[in-house]
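Student: Here you go, upload.cif (mmCIF, C-alpha atoms):
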data_upload
loop_
_atom_site.label_atom_id
_atom_site.label_comp_id
_atom_site.auth_asym_id
_atom_site.auth_seq_id
_atom_site.Cartn_x
_atom_site.Cartn_y
_atom_site.Cartn_z
CA MET S 1 5.67 3.51 -21.06
CA PRO S 2 5.62 6.36 -18.51
CA GLN S 3 6.45 5.52 -14.92
CA GLY S 4 3.48 4.38 -12.88
CA VAL S 5 1.35 3.47 -15.87
CA ILE S 6 -0.09 0.00 -15.58
CA LYS S 7 -0.49 -2.07 -18.70
CA TYR S 8 -2.93 -4.93 -18.63
CA GLU S 9 -2.71 -7.72 -21.12
CA ALA S 10 -5.67 -10.03 -21.29
CA ASP S 11 -4.09 -12.51 -23.61
CA THR S 12 -6.86 -15.05 -24.01
CA GLY S 13 -10.40 -15.10 -25.30
CA PRO S 14 -12.32 -13.07 -27.84
CA MET S 15 -12.52 -10.06 -25.53
CA ALA S 16 -8.73 -9.85 -25.48
CA TYR S 17 -8.72 -9.42 -29.25
CA ALA S 18 -11.54 -6.89 -29.09
CA LEU S 19 -9.72 -4.87 -26.43
CA LYS S 20 -6.41 -5.08 -28.30
CA PHE S 21 -8.16 -3.92 -31.45
CA PHE S 22 -9.70 -1.03 -29.53
CA SER S 23 -6.44 0.05 -27.85
CA LYS S 24 -4.20 -0.37 -30.87
CA THR S 25 -6.52 0.89 -33.59
CA ILE S 26 -9.52 2.87 -32.43
CA SER S 27 -7.98 4.51 -29.37
CA ARG S 28 -4.85 5.50 -31.29
CA ALA S 29 -6.91 7.16 -33.99
CA ASP S 30 -9.48 8.61 -31.63
CA GLY S 31 -7.00 9.73 -28.97
CA HIS S 32 -6.62 8.77 -25.34
CA ARG S 33 -9.56 10.59 -23.77
CA CYS S 34 -10.61 8.41 -20.85
CA PRO S 35 -10.53 10.56 -17.69
CA MET S 36 -10.13 7.52 -15.44
CA TYR S 37 -7.06 5.63 -14.34
CA PRO S 38 -6.70 2.86 -15.30
CA SER S 39 -8.50 3.67 -18.54
CA CYS S 40 -11.76 1.83 -19.24
CA SER S 41 -10.04 -0.53 -21.70
CA ALA S 42 -7.26 -1.36 -19.25
CA TYR S 43 -9.83 -1.79 -16.47
CA SER S 44 -11.89 -4.04 -18.70
CA ALA S 45 -8.88 -6.15 -19.68
CA GLU S 46 -8.01 -6.64 -16.03
CA ALA S 47 -11.63 -7.49 -15.17
CA PHE S 48 -11.83 -10.16 -17.91
CA GLU S 49 -8.47 -11.55 -16.93
CA LYS S 50 -9.26 -11.69 -13.23
CA HIS S 51 -12.93 -12.67 -13.22
CA GLY S 52 -13.67 -14.31 -16.55
CA PHE S 53 -16.14 -13.40 -19.28
CA VAL S 54 -19.48 -12.93 -17.45
CA LYS S 55 -18.24 -10.95 -14.44
CA GLY S 56 -15.74 -9.13 -16.65
CA TRP S 57 -18.55 -8.03 -18.95
CA ILE S 58 -20.65 -6.79 -16.02
CA LEU S 59 -17.71 -4.94 -14.45
CA THR S 60 -16.89 -3.36 -17.80
CA SER S 61 -20.48 -2.18 -18.29
CA ASP S 62 -20.55 -0.75 -14.77
CA ARG S 63 -17.31 1.11 -15.38
CA LEU S 64 -18.54 2.54 -18.68
CA LEU S 65 -21.65 3.85 -16.93
CA ARG S 66 -19.58 5.52 -14.21
CA CYS S 67 -16.74 6.80 -16.42
CA GLY S 68 -16.07 10.50 -15.82
CA ARG S 69 -19.18 11.23 -13.79
CA ASP S 70 -19.68 11.01 -10.01
CA GLU S 71 -16.40 9.19 -9.58
CA LYS S 72 -14.66 12.52 -10.28
CA ARG S 73 -16.23 13.95 -7.16
CA LEU S 74 -15.80 10.88 -4.99
CA SER S 75 -12.37 9.51 -5.88
CA GLU S 76 -8.99 11.18 -5.70
CA THR S 77 -7.21 12.68 -8.68
CA ILE S 78 -3.82 11.42 -9.79
CA PHE S 79 -1.54 12.77 -12.51
CA ILE S 80 -0.38 10.60 -15.40
CA ASN S 81 1.89 12.38 -17.88
CA TYR S 82 0.93 15.65 -16.16
CA GLN S 83 -2.73 15.02 -16.97
CA PRO S 84 -5.30 14.68 -14.16
CA HIS S 85 -7.10 11.33 -13.97
CA VAL S 86 -9.64 9.89 -11.56
CA TYR S 87 -8.15 6.97 -9.68
CA ASP S 88 -10.53 4.03 -9.91
CA PRO S 89 -8.77 0.68 -10.05
CA LEU S 90 -10.60 -2.64 -10.20
CA SER S 91 -9.60 -3.40 -6.61
CA ARG S 92 -11.81 -0.54 -5.42
CA ASN S 93 -14.83 -2.04 -7.11
CA ASP S 94 -14.51 -5.72 -6.36
CA PHE S 95 -13.02 -5.53 -2.86
CA TRP S 96 -16.30 -6.50 -1.19
CA TRP S 97 -16.52 -9.93 -2.81
CA SER S 98 -13.19 -10.66 -4.47
CA HIS S 99 -10.05 -11.67 -2.61
CA PRO S 100 -6.64 -11.52 -4.33
CA MET X 1 81.81 -0.02 -26.15
CA SER X 2 82.62 2.30 -23.28
CA ALA X 3 79.74 4.56 -24.38
CA PHE X 4 77.40 1.56 -24.26
CA ILE X 5 78.60 0.66 -20.76
CA LYS X 6 78.06 4.29 -19.65
CA HIS X 7 74.48 4.30 -21.02
CA ALA X 8 73.69 0.95 -19.46
CA ALA X 9 75.02 2.09 -16.08
CA ALA X 10 72.95 5.28 -16.27
CA ALA X 11 69.80 3.32 -17.16
CA LEU X 12 70.43 0.86 -14.31
CA ALA X 13 70.96 3.72 -11.87
CA SER X 14 67.69 5.38 -12.97
CA LEU X 15 65.83 2.11 -12.59
CA MET X 16 67.25 1.55 -9.12
CA LEU X 17 66.31 5.07 -8.11
CA LEU X 18 62.77 4.56 -9.35
CA LEU X 19 62.38 1.22 -7.60
CA PHE X 20 63.68 2.52 -4.28
CA ASN X 21 61.44 5.58 -4.42
CA LEU X 22 58.22 3.79 -5.27
CA PRO X 23 57.30 2.52 -1.79
CA ALA X 24 57.98 5.96 -0.36
CA ALA X 25 55.62 7.55 -2.88
CA ALA X 26 52.98 4.92 -2.27
CA SER X 27 52.94 5.44 1.46
CA ALA X 28 52.74 9.20 1.18
CA GLY X 29 48.81 9.19 1.39
CA GLN X 30 46.92 9.95 4.58
CA VAL X 31 45.87 7.11 6.83
CA VAL X 32 42.45 7.65 8.46
CA GLN X 33 41.55 5.74 11.55
CA VAL X 34 37.87 5.59 12.34
CA ASP X 35 36.83 4.60 15.83
CA ALA X 36 33.46 3.18 16.86
CA ARG X 37 32.07 6.53 17.97
CA GLU X 38 32.87 8.17 14.62
CA GLN X 39 31.54 5.27 12.58
CA PHE X 40 28.28 5.18 14.53
CA GLY X 41 28.05 8.96 14.42
CA TYR X 42 28.43 8.95 10.64
CA ALA X 43 25.65 6.36 10.30
CA GLU X 44 23.46 8.42 12.62
CA SER X 45 24.08 11.59 10.60
CA LEU X 46 23.06 9.82 7.39
CA TYR X 47 19.94 8.51 9.13
CA ALA X 48 19.06 11.96 10.46
CA GLY X 49 19.56 13.40 6.97
CA GLY X 50 17.15 10.89 5.44
CA ASP X 51 19.77 8.89 3.50
CA TYR X 52 18.32 5.70 4.88
CA LEU X 53 19.86 3.19 2.52
CA LEU X 54 23.34 4.69 2.88
CA ALA X 55 22.81 4.78 6.63
CA ALA X 56 21.86 1.07 6.59
CA GLY X 57 25.19 0.31 4.92
CA GLU X 58 27.09 2.32 7.52
CA TYR X 59 25.27 0.65 10.43
CA LYS X 60 26.19 -2.70 8.89
CA ARG X 61 29.80 -1.57 8.57
CA PHE X 62 29.70 -0.64 12.25
CA GLU X 63 28.42 -4.11 13.15
CA TYR X 64 31.15 -5.69 11.04
CA LEU X 65 34.01 -3.57 12.41
CA PHE X 66 32.86 -3.43 16.04
CA PRO X 67 30.81 -6.58 16.67
CA ASP X 68 31.43 -6.48 20.43
CA HIS X 69 30.64 -2.83 20.91
CA ASP X 70 27.79 -1.79 23.21
CA SER X 71 26.01 -0.14 20.29
CA ALA X 72 26.19 -3.19 18.00
CA GLU X 73 22.63 -4.19 18.91
CA THR X 74 21.39 -0.65 18.31
CA ALA X 75 23.14 -0.68 14.94
CA ALA X 76 21.41 -3.95 14.04
CA PHE X 77 18.06 -2.44 15.08
CA LYS X 78 18.74 0.74 13.14
CA VAL X 79 19.39 -1.28 9.97
CA GLY X 80 15.78 -2.39 10.22
CA MET X 81 14.67 1.17 10.93
CA CYS X 82 16.49 2.37 7.82
CA TYR X 83 14.67 -0.15 5.63
CA LEU X 84 11.38 0.68 7.33
CA LYS X 85 11.84 4.40 6.67
CA ALA X 86 12.87 3.68 3.09
CA GLY X 87 9.67 1.67 2.55
CA ARG X 88 11.53 -1.61 2.00
CA TYR X 89 9.27 -3.59 4.30
CA PRO X 90 10.45 -7.16 3.59
CA ASP X 91 14.06 -6.09 4.21
CA ALA X 92 12.98 -4.25 7.37
CA ILE X 93 11.16 -7.32 8.68
CA ALA X 94 14.16 -9.55 7.92
CA SER X 95 16.51 -7.09 9.68
CA PHE X 96 14.36 -6.81 12.79
CA LYS X 97 14.02 -10.59 12.95
CA ASP X 98 17.79 -10.88 12.62
CA CYS X 99 18.21 -8.34 15.44
CA MET X 100 15.82 -10.34 17.65
CA ARG X 101 17.58 -13.61 16.86
CA ARG X 102 21.02 -12.23 17.66
CA TYR X 103 20.00 -10.27 20.74
CA PRO X 104 17.11 -12.15 22.39
CA GLU X 105 17.82 -10.45 25.70
CA GLY X 106 18.53 -7.08 24.12
CA ARG X 107 16.87 -3.76 24.78
CA HIS X 108 15.40 -3.59 21.28
CA TYR X 109 13.79 -7.02 21.41
CA HIS X 110 10.28 -5.79 22.13
CA ALA X 111 10.61 -2.74 19.92
CA SER X 112 11.59 -5.06 17.06
CA HIS X 113 8.28 -6.88 17.48
CA PHE X 114 6.40 -3.60 17.26
CA LYS X 115 8.35 -2.52 14.23
CA ILE X 116 7.84 -5.85 12.47
CA SER X 117 4.14 -5.51 13.13
CA GLY X 118 4.18 -1.96 11.75
CA ALA X 119 6.04 -3.13 8.63
CA TYR X 120 3.49 -5.88 8.08
CA VAL X 121 0.65 -3.37 8.39
CA ALA X 122 2.36 -0.99 6.00
CA SER X 123 2.71 -3.79 3.46
CA GLY X 124 -0.94 -4.79 3.85
CA GLN X 125 -0.31 -8.01 5.80
CA THR X 126 -2.52 -7.24 8.77
CA GLY X 127 -2.90 -10.91 9.72
CA ALA X 128 0.87 -11.30 10.10
CA ALA X 129 1.01 -8.00 12.04
CA ILE X 130 -1.56 -9.27 14.54
CA ALA X 131 0.19 -12.64 14.82
CA THR X 132 3.47 -10.85 15.65
CA LEU X 133 1.78 -8.85 18.40
CA GLN X 134 -0.02 -11.91 19.76
CA ASN X 135 3.32 -13.65 19.93
CA LEU X 136 4.74 -10.71 21.86
CA VAL X 137 1.84 -10.84 24.31
CA VAL X 138 2.75 -14.47 25.00
CA VAL X 139 6.51 -14.02 25.38
CA ALA X 140 6.71 -10.61 27.08
CA GLU X 141 6.96 -10.59 30.86
CA ASP X 142 6.59 -6.83 31.20
CA VAL X 143 2.92 -5.91 31.57
CA ASP X 144 3.51 -2.56 29.86
CA VAL X 145 4.82 -4.29 26.76
CA ARG X 146 1.88 -6.71 26.71
CA ASP X 147 -0.57 -3.84 27.07
CA GLU X 148 1.06 -1.89 24.30
CA ALA X 149 0.91 -4.95 22.04
CA ARG X 150 -2.82 -5.30 22.79
CA TYR X 151 -3.38 -1.61 22.19
CA ARG X 152 -1.67 -1.78 18.81
CA MET X 153 -3.61 -4.92 17.99
CA GLY X 154 -6.83 -3.10 18.79
CA TRP X 155 -5.99 -0.32 16.37
CA ILE X 156 -5.12 -2.78 13.63
CA TYR X 157 -8.55 -4.37 14.13
CA ILE X 158 -10.13 -0.91 13.96
CA GLY X 159 -8.32 -0.35 10.67
CA MET X 160 -9.84 -3.59 9.42
CA ALA X 161 -13.30 -2.48 10.65
CA GLN X 162 -13.42 -5.45 13.02
CA TRP X 163 -14.93 -3.52 15.89
CA GLU X 164 -15.66 -6.42 18.24
CA LYS X 165 -12.14 -7.80 18.03
CA ALA X 166 -10.79 -4.31 18.65
CA GLN X 167 -12.96 -3.99 21.74
CA GLU X 168 -11.76 -7.39 22.93
CA ALA X 169 -8.12 -6.37 22.51
CA PHE X 170 -8.66 -3.14 24.46
CA ALA X 171 -10.59 -5.03 27.15
CA HIS X 172 -7.54 -7.19 27.87
CA ILE X 173 -5.35 -4.19 28.69
CA SER X 174 -4.49 -4.21 32.38
CA ALA X 175 -6.35 -1.93 34.76
CA GLU X 176 -3.22 0.07 35.54
CA ASN X 177 -2.70 1.05 31.90
CA SER X 178 -6.32 1.17 30.84
CA GLY X 179 -6.70 4.83 31.76
CA ALA X 180 -3.54 5.92 29.96
CA TYR X 181 -4.72 4.21 26.79
CA ARG X 182 -8.24 5.71 27.16
CA CYS X 183 -9.73 2.25 26.81
CA ARG X 184 -13.08 3.17 28.31
CA GLU X 185 -13.62 6.00 25.83
CA LEU X 186 -12.44 3.82 22.96
CA SER X 187 -14.80 0.99 23.88
CA ALA X 188 -17.69 3.42 24.24
CA ARG X 189 -17.03 4.89 20.81
CA LEU X 190 -16.65 1.45 19.24
CA ALA X 191 -19.95 0.38 20.76
CA GLU X 192 -21.57 3.42 19.16
CA GLU X 193 -19.96 3.02 15.73
CA GLU X 194 -23.15 1.72 14.14
CA LYS X 195 -24.94 4.93 15.07
CA GLU X 196 -22.01 7.22 14.30
CA ILE X 197 -21.10 5.93 10.83
CA PRO X 198 -23.68 6.71 8.12
CA ARG X 199 -24.21 3.66 5.95
CA LYS X 200 -26.16 2.57 2.88
CA SER X 201 -27.65 -0.87 2.51
CA PRO X 202 -26.08 -2.77 -0.43
CA LYS X 203 -29.16 -5.00 -0.63
CA LEU X 204 -31.50 -2.04 -0.88
CA ALA X 205 -29.21 -0.40 -3.47
CA GLY X 206 -29.30 -3.57 -5.56
CA SER X 207 -33.09 -3.84 -5.26
CA LEU X 208 -33.62 -0.21 -6.25
CA ALA X 209 -31.33 -0.73 -9.24
CA LEU X 210 -33.94 -3.04 -10.79
CA LEU X 211 -35.23 0.26 -12.09
CA PRO X 212 -32.03 1.45 -13.84
CA GLY X 213 -30.44 4.34 -11.96
CA GLY X 214 -32.42 3.80 -8.76
CA GLY X 215 -29.52 2.25 -6.89
CA TYR X 216 -27.07 4.97 -7.88
CA LEU X 217 -29.62 7.58 -6.87
CA TYR X 218 -29.94 5.98 -3.43
CA CYS X 219 -26.14 6.15 -3.03
CA GLY X 220 -26.04 9.85 -3.93
CA ARG X 221 -24.57 9.31 -7.41
CA TYR X 222 -26.94 11.46 -9.40
CA GLN X 223 -24.99 11.69 -12.66
CA ASP X 224 -24.39 7.93 -12.69
CA ALA X 225 -28.10 7.42 -12.04
CA LEU X 226 -29.03 9.57 -15.00
CA ALA X 227 -26.52 7.79 -17.25
CA ALA X 228 -27.75 4.36 -16.13
CA PHE X 229 -31.38 5.34 -16.71
CA PHE X 230 -30.86 6.71 -20.21
CA VAL X 231 -28.37 4.09 -21.43
CA ASN X 232 -30.51 1.19 -20.21
CA GLY X 233 -33.75 2.85 -21.28
CA GLY X 234 -32.32 3.59 -24.73
CA LEU X 235 -31.00 0.06 -25.23
CA ILE X 236 -34.25 -1.55 -24.06
CA TRP X 237 -36.21 0.66 -26.43
CA ALA X 238 -33.76 -0.09 -29.29
CA ALA X 239 -34.03 -3.84 -28.66
CA TYR X 240 -37.82 -3.63 -28.60
CA GLU X 241 -37.86 -1.69 -31.87
CA ALA X 242 -35.45 -4.13 -33.51
CA PHE X 243 -37.55 -7.18 -32.58
CA ASP X 244 -40.74 -5.33 -33.46
CA ASN X 245 -39.32 -4.73 -36.95
CA GLU X 246 -38.26 -8.38 -37.20
CA LEU X 247 -34.55 -7.47 -37.13
CA TYR X 248 -33.75 -10.42 -34.91
CA ALA X 249 -29.97 -10.41 -35.34
CA LEU X 250 -29.75 -6.72 -34.47
CA GLY X 251 -32.19 -7.19 -31.61
CA SER X 252 -30.08 -10.04 -30.22
CA VAL X 253 -26.88 -8.01 -30.33
CA ILE X 254 -28.57 -5.05 -28.62
CA THR X 255 -30.11 -7.37 -26.02
CA PHE X 256 -26.70 -8.91 -25.32
CA VAL X 257 -25.19 -5.45 -24.78
CA GLU X 258 -28.15 -4.32 -22.71
CA ILE X 259 -27.96 -7.35 -20.41
CA GLY X 260 -24.38 -6.30 -19.60
CA PHE X 261 -25.38 -2.71 -18.86
CA TYR X 262 -28.43 -3.71 -16.86
CA ALA X 263 -26.45 -6.17 -14.73
CA GLY X 264 -23.63 -3.62 -14.57
CA SER X 265 -25.90 -0.93 -13.15
CA ILE X 266 -27.18 -3.34 -10.48
CA TYR X 267 -23.64 -4.42 -9.67
CA GLY X 268 -22.45 -0.80 -9.65
CA SER X 269 -25.25 0.18 -7.26
CA VAL X 270 -24.33 -2.55 -4.78
CA ALA X 271 -20.64 -1.66 -5.12
CA SER X 272 -21.45 2.03 -4.64
CA ALA X 273 -23.15 1.24 -1.33
CA HIS X 274 -20.09 -0.74 -0.20
CA LYS X 275 -17.77 2.07 -1.30
CA TYR X 276 -19.95 4.63 0.50
CA ASN X 277 -19.75 2.57 3.69
CA ARG X 278 -16.02 2.05 3.42
CA ARG X 279 -15.40 5.74 2.78
CA ASN X 280 -17.40 6.72 5.87
CA GLU X 281 -15.73 4.05 7.99
CA ARG X 282 -12.33 5.43 7.02
CA ARG X 283 -13.36 8.96 7.88
CA TRP X 284 -14.73 7.82 11.21
CA ILE X 285 -11.57 5.88 12.00
CA GLU X 286 -9.43 8.88 11.10
CA ARG X 287 -11.48 11.08 13.43
CA LEU X 288 -11.24 8.46 16.18
CA ARG X 289 -7.48 8.26 15.69
CA GLN X 290 -7.12 12.02 15.96
CA GLN X 291 -9.31 12.21 19.03
CA LEU X 292 -8.27 9.17 21.02
CA LYS X 293 -5.10 7.53 19.77
CA VAL X 294 -2.30 7.74 22.28
CA LYS X 295 1.11 8.65 20.91
CA LEU X 296 3.18 5.67 21.90
CA ALA X 297 6.56 7.27 21.21
CA ALA X 298 6.44 9.21 24.49
CA ARG X 299 6.19 6.04 26.55
CA TYR X 300 9.55 4.78 25.33
CA GLU X 301 11.31 8.14 25.11
CA ASN X 302 14.02 7.21 27.53
CA ARG X 303 14.80 4.00 25.73
CA GLY X 304 15.79 5.87 22.62
CA VAL X 305 13.33 4.07 20.39
CA GLU X 306 10.42 5.56 18.54
CA LEU X 307 7.46 3.24 18.72
CA SER X 308 4.72 5.19 17.03
CA PHE X 309 3.42 4.13 13.65
CA ASN X 310 0.74 5.17 11.22
CA TYR X 311 -0.94 3.00 8.70
CA THR X 312 -3.64 3.00 6.12
CA PHE X 313 -5.74 0.05 5.10
#
Would you give me this structure, written as structure tokens?
Tutor:
Amino acid sequence: MPQGVIKYEADTGPMAYALKFFSKTISRADGHRCPMYPSCSAYSAEAFEKHGFVKGWILTSDRLLRCGRDEKRLSETIFINYQPHVYDPLSRNDFWWSHP
Amino acid sequence: MSAFIKHAAAALASLMLLLFNLPAAASAGQVVQVDAREQFGYAESLYAGGDYLLAAGEYKRFEYLFPDHDSAETAAFKVGMCYLKAGRYPDAIASFKDCMRRYPEGRHYHASHFKISGAYVASGQTGAAIATLQNLVVVAEDVDVRDEARYRMGWIYIGMAQWEKAQEAFAHISAENSGAYRCRELSARLAEEEKEIPRKSPKLAGSLALLPGGGYLYCGRYQDALAAFFVNGGLIWAAYEAFDNELYALGSVITFVEIGFYAGSIYGSVASAHKYNRRNERRWIERLRQQLKVKLAARYENRGVELSFNYTF
């Protein structure tokens, strides 16, 4: 794994299996194309792990709606494996109600 | 037999020669004596060159070799500085605390408090940073030190967007230092922050998002608004068509997905308003810092300690 890349492992629940299936099968075949960092699947896994199924599902849907659009203009760009990505971690989207 | 005795005598003579020469060869290397000034100077040169972790080791060596030297306290303080500069905040805090414990009457005692507070801020522990400064306000006899602690506390509160607490901290600065710290201007600006910082209402954003995309539109996220409108609109239409054609299983799956996206767009709208507000608060604070923050390093120039610090939150 490249330095600075965060790997999230939601290891329980049906969503964990769905996300693992997506990352290990679909994403590998389709290619890693998410312009955000962490990627939508990693973001989703973290959201499910941190907030449970209902909030995780809502946060995932919100992220999918925002992926690669206005966030590009509003958030800073970081480089992962020399590729530009929009930095949008979960902590920037749940800071106003969630405390670590 | 005589040949054997001759060989044995020669071997014994060679062995003796070797044994007697060994200590001489071993002591032929140079002996370097390092005095306190050179040891401290070497540590300082590493520090000046940015080799902070090596410098920390050399300052520790100085403390070990010259524990009674006048600069031993400075060396202990500089160990903390090295860790602070290297970004190793827990080690820095531990070193400064150690310095304070060993030299409670020392010249770096107050500076150690400030540095501990700065390290806490840098590591995101603003509560501990404020507690350290509050403790200093209680124990310090020097009014200048107390005022500086309050001033730093005020800026930490500003960083946390706790404007009233910041104003309170600045208000407690003594009259003699109030002008130097520009307290009146700071308080005036803090009182005006509500007018100066453009904000969006999260409640209004959430309400507008009942029509998908409305909340994003209100927050200036036009592409997100369009995406939310079409994705939600498309899924609602698809669910309607599925139920209308008596495809209940398909309709249920689409409805389940749509509920997530609908709730997600409301959530995202509220979050966007909060992010908008936070972004503008940060910009405002940065401007305030550039315009009004006093550089504290100058006040302690003659004490040989840099007391300025920057932080993000």
Student: Select, from X:Gly260, X:Arg282, X:Leu208, X:Tyr103, the residue with the minimum atom-to-atom distance to Asn232 (chain X), counting all atoms listed in the file.
Tutor: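 Looking at the shortest contact to Asn232 (chain X), the residue is X:Gly260.
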Student: Sorted by chain and rising residue number, list the residues of region 61-97 of chain S at most 12 Å from region 38-43 of chain S (counting only C-alpha atoms), each with its closest atom pair and distance in Å to one decimal, as JSON lines.
Tutor:
{"residue": "S:Ser61", "atom": "CA", "partner": "S:Cys40", "partner_atom": "CA", "distance": 9.6}
{"residue": "S:Asp62", "atom": "CA", "partner": "S:Cys40", "partner_atom": "CA", "distance": 10.2}
{"residue": "S:Arg63", "atom": "CA", "partner": "S:Cys40", "partner_atom": "CA", "distance": 6.8}
{"residue": "S:Leu64", "atom": "CA", "partner": "S:Cys40", "partner_atom": "CA", "distance": 6.8}
{"residue": "S:Leu65", "atom": "CA", "partner": "S:Cys40", "partner_atom": "CA", "distance": 10.4}
{"residue": "S:Arg66", "atom": "CA", "partner": "S:Cys40", "partner_atom": "CA", "distance": 10.0}
{"residue": "S:Cys67", "atom": "CA", "partner": "S:Cys40", "partner_atom": "CA", "distance": 7.6}
{"residue": "S:Gly68", "atom": "CA", "partner": "S:Cys40", "partner_atom": "CA", "distance": 10.3}
{"residue": "S:Thr77", "atom": "CA", "partner": "S:Pro38", "partner_atom": "CA", "distance": 11.9}
{"residue": "S:Ile78", "atom": "CA", "partner": "S:Pro38", "partner_atom": "CA", "distance": 10.6}
{"residue": "S:Phe79", "atom": "CA", "partner": "S:Pro38", "partner_atom": "CA", "distance": 11.5}
{"residue": "S:Ile80", "atom": "CA", "partner": "S:Pro38", "partner_atom": "CA", "distance": 10.0}
{"residue": "S:Pro84", "atom": "CA", "partner": "S:Pro38", "partner_atom": "CA", "distance": 12.0}
{"residue": "S:His85", "atom": "CA", "partner": "S:Pro38", "partner_atom": "CA", "distance": 8.6}
{"residue": "S:Val86", "atom": "CA", "partner": "S:Pro38", "partner_atom": "CA", "distance": 8.5}
{"residue": "S:Tyr87", "atom": "CA", "partner": "S:Pro38", "partner_atom": "CA", "distance": 7.1}
{"residue": "S:Asp88", "atom": "CA", "partner": "S:Pro38", "partner_atom": "CA", "distance": 6.7}
{"residue": "S:Pro89", "atom": "CA", "partner": "S:Pro38", "partner_atom": "CA", "distance": 6.0}
{"residue": "S:Leu90", "atom": "CA", "partner": "S:Tyr43", "partner_atom": "CA", "distance": 6.4}
{"residue": "S:Ser91", "atom": "CA", "partner": "S:Tyr43", "partner_atom": "CA", "distance": 10.0}
{"residue": "S:Arg92", "atom": "CA", "partner": "S:Tyr43", "partner_atom": "CA", "distance": 11.3}
{"residue": "S:Asn93", "atom": "CA", "partner": "S:Tyr43", "partner_atom": "CA", "distance": 10.6}
{"residue": "S:Asp94", "atom": "CA", "partner": "S:Tyr43", "partner_atom": "CA", "distance": 11.8}
Student: Got a sec: who's within 12 Å of Ala128 (chain X), counting all atoms listed in the file, leaving out chain neighbours fewer than 2 positions off, as a ChimeraX atom specification?
Tutor: /X:93,113-114,116-126,130-135,153,156
Student: Residues within 10 Å of Gln223 (chain X), please, as a PyMOL selection string. Count all atoms listed in the file; anything in the same chain fewer than 6 positions from it doesn't count.
Tutor: (chain S and resi 65-66+68-71) or (chain X and resi 213+216-217+229)
Student: Could those selected residues go to a file with C-alpha atoms, as a short mmCIF file (atom, residue, chain, number, x, y, z; two decimals), keeping the file's coordinate frame?
Tutor:
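Below is the file that was written, result-v7.cif:
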data_model
loop_
_atom_site.label_atom_id
_atom_site.label_comp_id
_atom_site.auth_asym_id
_atom_site.auth_seq_id
_atom_site.Cartn_x
_atom_site.Cartn_y
_atom_site.Cartn_z
CA LEU S 65 -21.65 3.85 -16.93
CA ARG S 66 -19.58 5.52 -14.21
CA GLY S 68 -16.07 10.50 -15.82
CA ARG S 69 -19.18 11.23 -13.79
CA ASP S 70 -19.68 11.01 -10.01
CA GLU S 71 -16.40 9.19 -9.58
CA GLY X 213 -30.44 4.34 -11.96
CA TYR X 216 -27.07 4.97 -7.88
CA LEU X 217 -29.62 7.58 -6.87
CA PHE X 229 -31.38 5.34 -16.71
#
Student: Between CA of Ser75 (chain S) and CA of Gly233 (chain X), measure the distance and give it in Å to one decimal.
Tutor: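 Answer for the CA of Ser75 (chain S) to CA of Gly233 (chain X) separation: 27.2 Å.
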Student: Run through the PyMOL selection byres ((chain S and resi 32) around 12) on the given coordinates and return the selected residues as a PDB file with C-alpha atoms, keeping the file's coordinate frame.
Tutor:
ATOM      1  CA  PHE S  22      -9.700  -1.030 -29.530  1.00  0.00           C
ATOM      2  CA  SER S  23      -6.440   0.050 -27.850  1.00  0.00           C
ATOM      3  CA  LYS S  24      -4.200  -0.370 -30.870  1.00  0.00           C
ATOM      4  CA  THR S  25      -6.520   0.890 -33.590  1.00  0.00           C
ATOM      5  CA  ILE S  26      -9.520   2.870 -32.430  1.00  0.00           C
ATOM      6  CA  SER S  27      -7.980   4.510 -29.370  1.00  0.00           C
ATOM      7  CA  ARG S  28      -4.850   5.500 -31.290  1.00  0.00           C
ATOM      8  CA  ALA S  29      -6.910   7.160 -33.990  1.00  0.00           C
ATOM      9  CA  ASP S  30      -9.480   8.610 -31.630  1.00  0.00           C
ATOM     10  CA  GLY S  31      -7.000   9.730 -28.970  1.00  0.00           C
ATOM     11  CA  ARG S  33      -9.560  10.590 -23.770  1.00  0.00           C
ATOM     12  CA  CYS S  34     -10.610   8.410 -20.850  1.00  0.00           C
ATOM     13  CA  PRO S  35     -10.530  10.560 -17.690  1.00  0.00           C
ATOM     14  CA  MET S  36     -10.130   7.520 -15.440  1.00  0.00           C
ATOM     15  CA  TYR S  37      -7.060   5.630 -14.340  1.00  0.00           C
ATOM     16  CA  PRO S  38      -6.700   2.860 -15.300  1.00  0.00           C
ATOM     17  CA  SER S  39      -8.500   3.670 -18.540  1.00  0.00           C
ATOM     18  CA  CYS S  40     -11.760   1.830 -19.240  1.00  0.00           C
ATOM     19  CA  SER S  41     -10.040  -0.530 -21.700  1.00  0.00           C
ATOM     20  CA  ALA S  42      -7.260  -1.360 -19.250  1.00  0.00           C
ATOM     21  CA  ILE S  80      -0.380  10.600 -15.400  1.00  0.00           C
ATOM     22  CA  ASN S  81       1.890  12.380 -17.880  1.00  0.00           C
ATOM     23  CA  GLN S  83      -2.730  15.020 -16.970  1.00  0.00           C
ATOM     24  CA  HIS S  85      -7.100  11.330 -13.970  1.00  0.00           C
TER      25      HIS S  85
END
Student: Between S:Phe21, S:Met15, S:Leu74, S:Gly52, which is the closest to chain X once you count only C-alpha atoms?
Tutor: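 When distances to chain X are compared using only C-alpha atoms, the smallest one comes from S:Leu74.
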Student: Please indicate the distance in Å from CA of Ala205 (chain X) to CA of Lys55 (chain S), rounded to one decimal place.
Tutor: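 CA of Ala205 (chain X) sits 18.8 Å away from CA of Lys55 (chain S).
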Student: Mind giving me the straight-line distance from CA of Leu204 (chain X) to CA of Asp224 (chain X) in Å, one decimal?
Tutor: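 According to the coordinates, CA of Leu204 (chain X) and CA of Asp224 (chain X) are separated by 17.0 Å.
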